[in-house]
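File shown: coords.cif. Contents: mmCIF, C-alpha atoms.
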data_my_file
#
loop_
_atom_site.label_atom_id
_atom_site.label_comp_id
_atom_site.auth_asym_id
_atom_site.auth_seq_id
_atom_site.Cartn_x
_atom_site.Cartn_y
_atom_site.Cartn_z
CA MET A 40 -5.11 -4.82 -7.59
CA ARG A 41 -8.35 -6.58 -6.71
CA HIS A 42 -8.73 -10.04 -8.15
CA GLN A 43 -12.12 -11.66 -8.50
CA GLY A 44 -10.62 -14.91 -7.21
CA ASP A 45 -9.18 -13.68 -3.91
CA ARG A 46 -11.95 -15.24 -1.81
CA GLU A 47 -11.73 -18.44 -3.87
CA ALA A 48 -7.95 -18.56 -3.30
CA GLY A 49 -8.62 -18.73 0.45
CA ARG A 50 -11.14 -21.52 -0.06
CA ILE A 51 -8.71 -23.47 -2.27
CA ALA A 52 -6.05 -23.12 0.43
CA ALA A 53 -8.38 -24.46 3.13
CA ARG A 54 -9.49 -27.42 1.00
CA TYR A 55 -5.90 -28.27 0.12
CA LEU A 56 -4.65 -28.15 3.72
CA ILE A 57 -7.59 -30.24 4.94
CA ALA A 58 -6.92 -32.78 2.16
CA GLN A 59 -3.34 -33.01 3.44
CA GLU A 60 -4.90 -34.28 6.71
CA HIS A 61 -3.86 -31.36 8.89
CA SER A 62 -5.91 -30.90 12.04
CA ALA A 63 -4.62 -27.52 13.26
CA PHE A 64 -4.83 -24.43 11.07
CA ALA A 65 -3.65 -20.84 11.29
CA LEU A 66 -4.08 -17.69 9.25
CA PHE A 67 -1.37 -15.10 8.63
CA ALA A 68 -3.17 -12.01 7.31
CA PRO A 69 -1.20 -9.13 8.82
CA SER A 70 -2.11 -6.44 6.30
CA ASP A 71 -5.28 -4.41 6.19
CA ASN A 72 -6.30 -4.32 2.54
CA GLU A 73 -9.05 -5.76 0.36
CA TYR A 74 -7.23 -8.79 -1.05
CA THR A 75 -6.07 -9.78 2.44
CA ARG A 76 -9.60 -9.54 3.82
CA LEU A 77 -11.09 -11.53 0.92
CA ARG A 78 -8.48 -14.31 1.03
CA ALA A 79 -8.78 -14.56 4.83
CA GLU A 80 -12.58 -14.62 4.60
CA GLY A 81 -12.49 -17.44 2.03
CA PHE A 82 -10.08 -19.44 4.20
CA ARG A 83 -12.09 -18.97 7.41
CA THR A 84 -15.40 -19.70 5.69
CA GLU A 85 -14.20 -22.93 4.10
CA LEU A 86 -12.60 -24.12 7.35
CA ALA A 87 -15.78 -23.32 9.31
CA ARG A 88 -17.86 -25.20 6.75
CA ARG A 89 -15.74 -28.24 7.53
CA GLY A 90 -15.75 -27.78 11.32
CA HIS A 91 -12.40 -26.02 11.83
CA GLU A 92 -11.37 -22.61 13.10
CA PRO A 93 -7.94 -21.14 12.40
CA PHE A 94 -5.60 -19.61 14.95
CA THR A 95 -4.36 -16.12 14.11
CA VAL A 96 -0.63 -15.61 13.58
CA GLY A 97 -0.59 -11.84 13.01
CA GLU A 98 -3.26 -9.20 13.43
CA PRO A 99 -4.21 -6.88 10.55
CA GLY A 100 -1.89 -3.89 10.50
CA LEU A 101 1.01 -5.70 12.19
CA LEU A 102 3.34 -5.41 9.22
CA ASN A 103 2.19 -1.86 8.46
CA SER A 104 3.72 -0.71 11.74
CA MET A 105 7.08 -2.16 10.69
CA HIS A 106 7.46 0.92 8.51
CA ASN A 107 7.30 3.01 11.68
CA GLY A 108 10.51 1.61 13.16
CA LYS A 109 8.92 -1.29 15.05
CA VAL A 110 10.55 -4.09 13.05
CA GLU A 111 12.23 -5.89 15.96
CA GLU A 112 9.17 -5.58 18.16
CA ASN A 113 6.85 -6.99 15.50
CA ILE A 114 9.22 -9.82 14.58
CA GLY A 115 9.26 -10.69 18.27
CA ILE A 116 5.44 -10.72 18.29
CA LEU A 117 5.37 -13.12 15.32
CA VAL A 118 7.95 -15.47 16.82
CA ALA A 119 6.12 -15.46 20.16
CA ARG A 120 2.87 -16.26 18.37
CA LEU A 121 4.51 -19.19 16.57
CA ALA A 122 5.60 -20.53 19.98
CA GLN A 123 1.94 -20.52 21.09
CA MET A 124 0.70 -22.42 18.04
CA PRO A 125 -0.08 -26.14 18.14
CA ARG A 126 2.37 -28.28 16.21
CA PRO A 127 2.09 -29.51 13.61
CA CYS A 128 0.05 -26.65 12.18
CA ALA A 129 -0.87 -25.69 8.62
CA ILE A 130 -0.53 -21.93 8.11
CA PHE A 131 -2.18 -20.06 5.26
CA ALA A 132 -0.39 -16.79 4.47
CA VAL A 133 -2.35 -14.40 2.27
CA ASP A 134 0.55 -14.06 -0.15
CA ASP A 135 3.90 -15.67 -0.95
CA LEU A 136 5.94 -12.86 0.58
CA ARG A 137 4.28 -13.39 3.97
CA SER A 138 4.70 -17.14 3.62
CA ALA A 139 8.44 -16.68 3.00
CA LEU A 140 8.70 -14.33 5.98
CA LEU A 141 7.07 -16.89 8.27
CA CYS A 142 9.31 -19.61 6.84
CA ARG A 143 12.44 -17.64 7.66
CA LEU A 144 11.25 -16.68 11.15
CA ALA A 145 10.17 -20.23 11.98
CA LEU A 146 13.48 -21.71 10.86
CA GLU A 147 15.50 -19.06 12.73
CA ALA A 148 13.48 -19.84 15.87
CA GLY A 149 14.38 -23.53 15.55
CA TYR A 150 11.12 -24.87 14.12
CA ARG A 151 10.96 -27.32 11.24
CA VAL A 152 9.22 -26.34 8.03
CA PRO A 153 7.07 -28.14 6.95
CA ALA A 154 7.09 -30.65 9.86
CA ASP A 155 6.12 -28.11 12.55
CA PHE A 156 4.57 -25.48 10.29
CA ALA A 157 3.31 -26.33 6.82
CA LEU A 158 3.12 -23.04 4.93
CA LEU A 159 0.93 -22.12 1.98
CA GLY A 160 0.85 -18.75 0.22
CA VAL A 161 -0.94 -17.18 -2.74
CA ASP A 162 0.26 -15.70 -6.05
CA ASP A 163 2.67 -18.43 -7.22
CA ASN A 164 5.54 -15.96 -7.21
CA ARG A 165 8.23 -18.31 -8.50
CA PHE A 166 11.10 -16.09 -7.36
CA ILE A 167 9.85 -16.07 -3.77
CA CYS A 168 8.69 -19.70 -3.63
CA GLU A 169 11.84 -21.13 -5.19
CA ASN A 170 14.29 -18.98 -3.22
CA ALA A 171 12.78 -19.34 0.25
CA PRO A 172 14.90 -21.36 2.70
CA VAL A 173 12.44 -24.24 2.12
CA PRO A 174 10.54 -24.47 -1.20
CA LEU A 175 7.04 -23.09 -0.69
CA SER A 176 3.66 -24.12 -2.07
CA SER A 177 1.29 -21.50 -3.39
CA VAL A 178 -2.19 -21.02 -4.80
CA ALA A 179 -1.81 -19.70 -8.34
CA LEU A 180 -4.20 -16.94 -9.34
CA GLY A 181 -3.38 -17.13 -13.04
CA SER A 182 -2.35 -13.47 -13.18
CA ARG A 183 -0.87 -13.64 -16.69
CA GLU A 184 -4.00 -15.25 -18.04
CA ILE A 185 -6.07 -12.60 -16.28
CA GLY A 186 -3.95 -9.87 -17.89
CA ARG A 187 -4.38 -11.45 -21.31
CA ARG A 188 -8.13 -11.74 -20.85
CA ALA A 189 -8.34 -8.19 -19.50
CA ALA A 190 -6.68 -6.97 -22.71
CA GLU A 191 -9.19 -9.03 -24.72
CA ARG A 192 -12.03 -7.46 -22.74
CA LEU A 193 -10.70 -3.98 -23.36
CA THR A 194 -10.40 -4.67 -27.08
CA ALA A 195 -13.89 -6.18 -27.14
CA PHE A 196 -15.28 -3.18 -25.26
CA ILE A 197 -13.64 -0.75 -27.68
CA GLU A 198 -15.00 -2.73 -30.62
CA GLY A 199 -18.46 -3.10 -29.04
CA GLU A 200 -18.20 -6.87 -28.60
CA THR A 201 -19.17 -9.00 -25.62
CA PHE A 202 -16.61 -9.84 -22.93
CA PRO A 203 -15.07 -13.32 -22.61
CA PRO A 204 -15.27 -14.79 -19.07
CA LEU A 205 -12.35 -14.24 -16.70
CA CYS A 206 -10.48 -17.24 -15.34
CA PRO A 207 -10.78 -18.37 -11.69
CA PRO A 208 -7.74 -19.24 -9.51
CA ARG A 209 -6.05 -22.45 -10.52
CA VAL A 210 -5.16 -25.36 -8.33
CA LEU A 211 -2.29 -25.36 -5.91
CA VAL A 212 1.28 -25.24 -7.20
CA PRO A 213 3.60 -27.52 -5.18
CA PRO A 214 7.05 -26.31 -4.15
CA ARG A 215 9.81 -26.56 -6.72
CA ARG A 216 13.54 -25.89 -6.65
CA CYS A 217 15.66 -24.08 -9.19
CA ARG A 218 18.22 -26.30 -10.82
#
Give the structure from this file in structure tokens form.
Amino acid sequence: MRHQGDREAGRIAARYLIAQEHSAFALFAPSDNEYTRLRAEGFRTELARRGHEPFTVGEPGLLNSMHNGKVEENIGILVARLAQMPRPCAIFAVDDLRSALLCRLALEAGYRVPADFALLGVDDNRFICENAPVPLSSVALGSREIGRRAAERLTAFIEGETFPPLCPPRVLVPPRRCR
């Protein structure tokens, strides 16, 4: 599903990580789809505007090839890439699932999260963020609110009314733990 705020989510991530006083940045955008491209573009653009350029953790398509029996090989590529990264480094993953994957791989390789790699995802998937080995931060897109407003737009369209504006991504959601 395309979200009008995907590019903005990348910009929010960059601004947040810069505000946290990180000086090294990386991007984990291993899928080749529209939301990945837009979020990555927003992140790169905002960093460039502020004089930074991110390292790349995984190339587009890397995770797609995992479905072709190359899981071990691609995990090895990711771990090797983490070893090449400056530390500490703030890594923006284009979604929470990728952020959790990097968290697990980094910890298994002996790195400290967030001391060596500060991770930030998108979607505010509470199940993923709260159950990762280390609680994860995420940019919330406001998906439920978008769904509600989409239903309002559909109703308004059917009734011939004007459409209410859609909501932009919200601010960052810090990590939280289940009790």
Please give the centre and size of the box around segment 57-67 of chain A (axis-aligned, containing every atom listed in the file, 3 Å added per side), with values in Å to one decimal and written as lines of an AutoDock Vina configuration file.
center_x = -4.5
center_y = -24.7
center_z = 7.7
size_x = 12.2
size_y = 25.2
size_z = 17.1
Report as an MDAnalysis selection string the full result of the PyMOL selection byres ((chain A and resi 118) around 12) when it is applied to this structure. chainID A and resid 96:97 111:117 119:124 140:150
Of the listed residues A:Val173, A:Cys168, A:Val152, A:Ala79, that which approaches Ala129 of chain A most closely, counting only C-alpha atoms: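 Among the listed residues, the smallest separation from Ala129 of chain A belongs to A:Val152.
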Pick out the closest residue to Asp134 of chain A from this set: A:Glu200, A:Asp162, A:Asp155, A:Asp71. Count only C-alpha atoms.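 That would be A:Asp162, the residue with the smallest distance to Asp134 of chain A.
Matched in the shown structure by the PyMOL selection byres ((chain A and resi 64) around 9): Ala53, Leu56, Ile57, His61, Ser62, Ala63, Ala65, Leu66, Leu86, His91, Glu92, Pro93, Phe94, Thr95, Pro125, Pro127, Cys128, Ala129, Ile130 and Phe131 of chain A.
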Across A:Glu85, A:Val133, A:Ala154, A:Arg126, the smallest distance to Tyr55 of chain A, with all atoms listed in the file counted, is shown by A:Glu85
Selection dump of the PyMOL selection byres ((chain A and resi 161) around 12), as a ChimeraX atom specification: /A:42,44-53,67-68,74-75,78-79,82,130-139,158-160,162-165,167-168,175-182,208-213
I'd like the interatomic distance between atom CA of Pro172 of chain A and atom CA of Ala157 of chain A, to a tenth of an Å.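 Atom-to-atom, atom CA of Pro172 of chain A and atom CA of Ala157 of chain A are spaced 13.3 Å apart.
Interatomic distance, atom CA of Arg151 of chain A against atom CA of Arg76 of chain A: 28.2 Å.
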Would you mind reading off the distance between atom CA of Arg54 of chain A and atom CA of Leu77 of chain A, one decimal, in Å?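 Atom-to-atom, atom CA of Arg54 of chain A and atom CA of Leu77 of chain A are spaced 16.0 Å apart.
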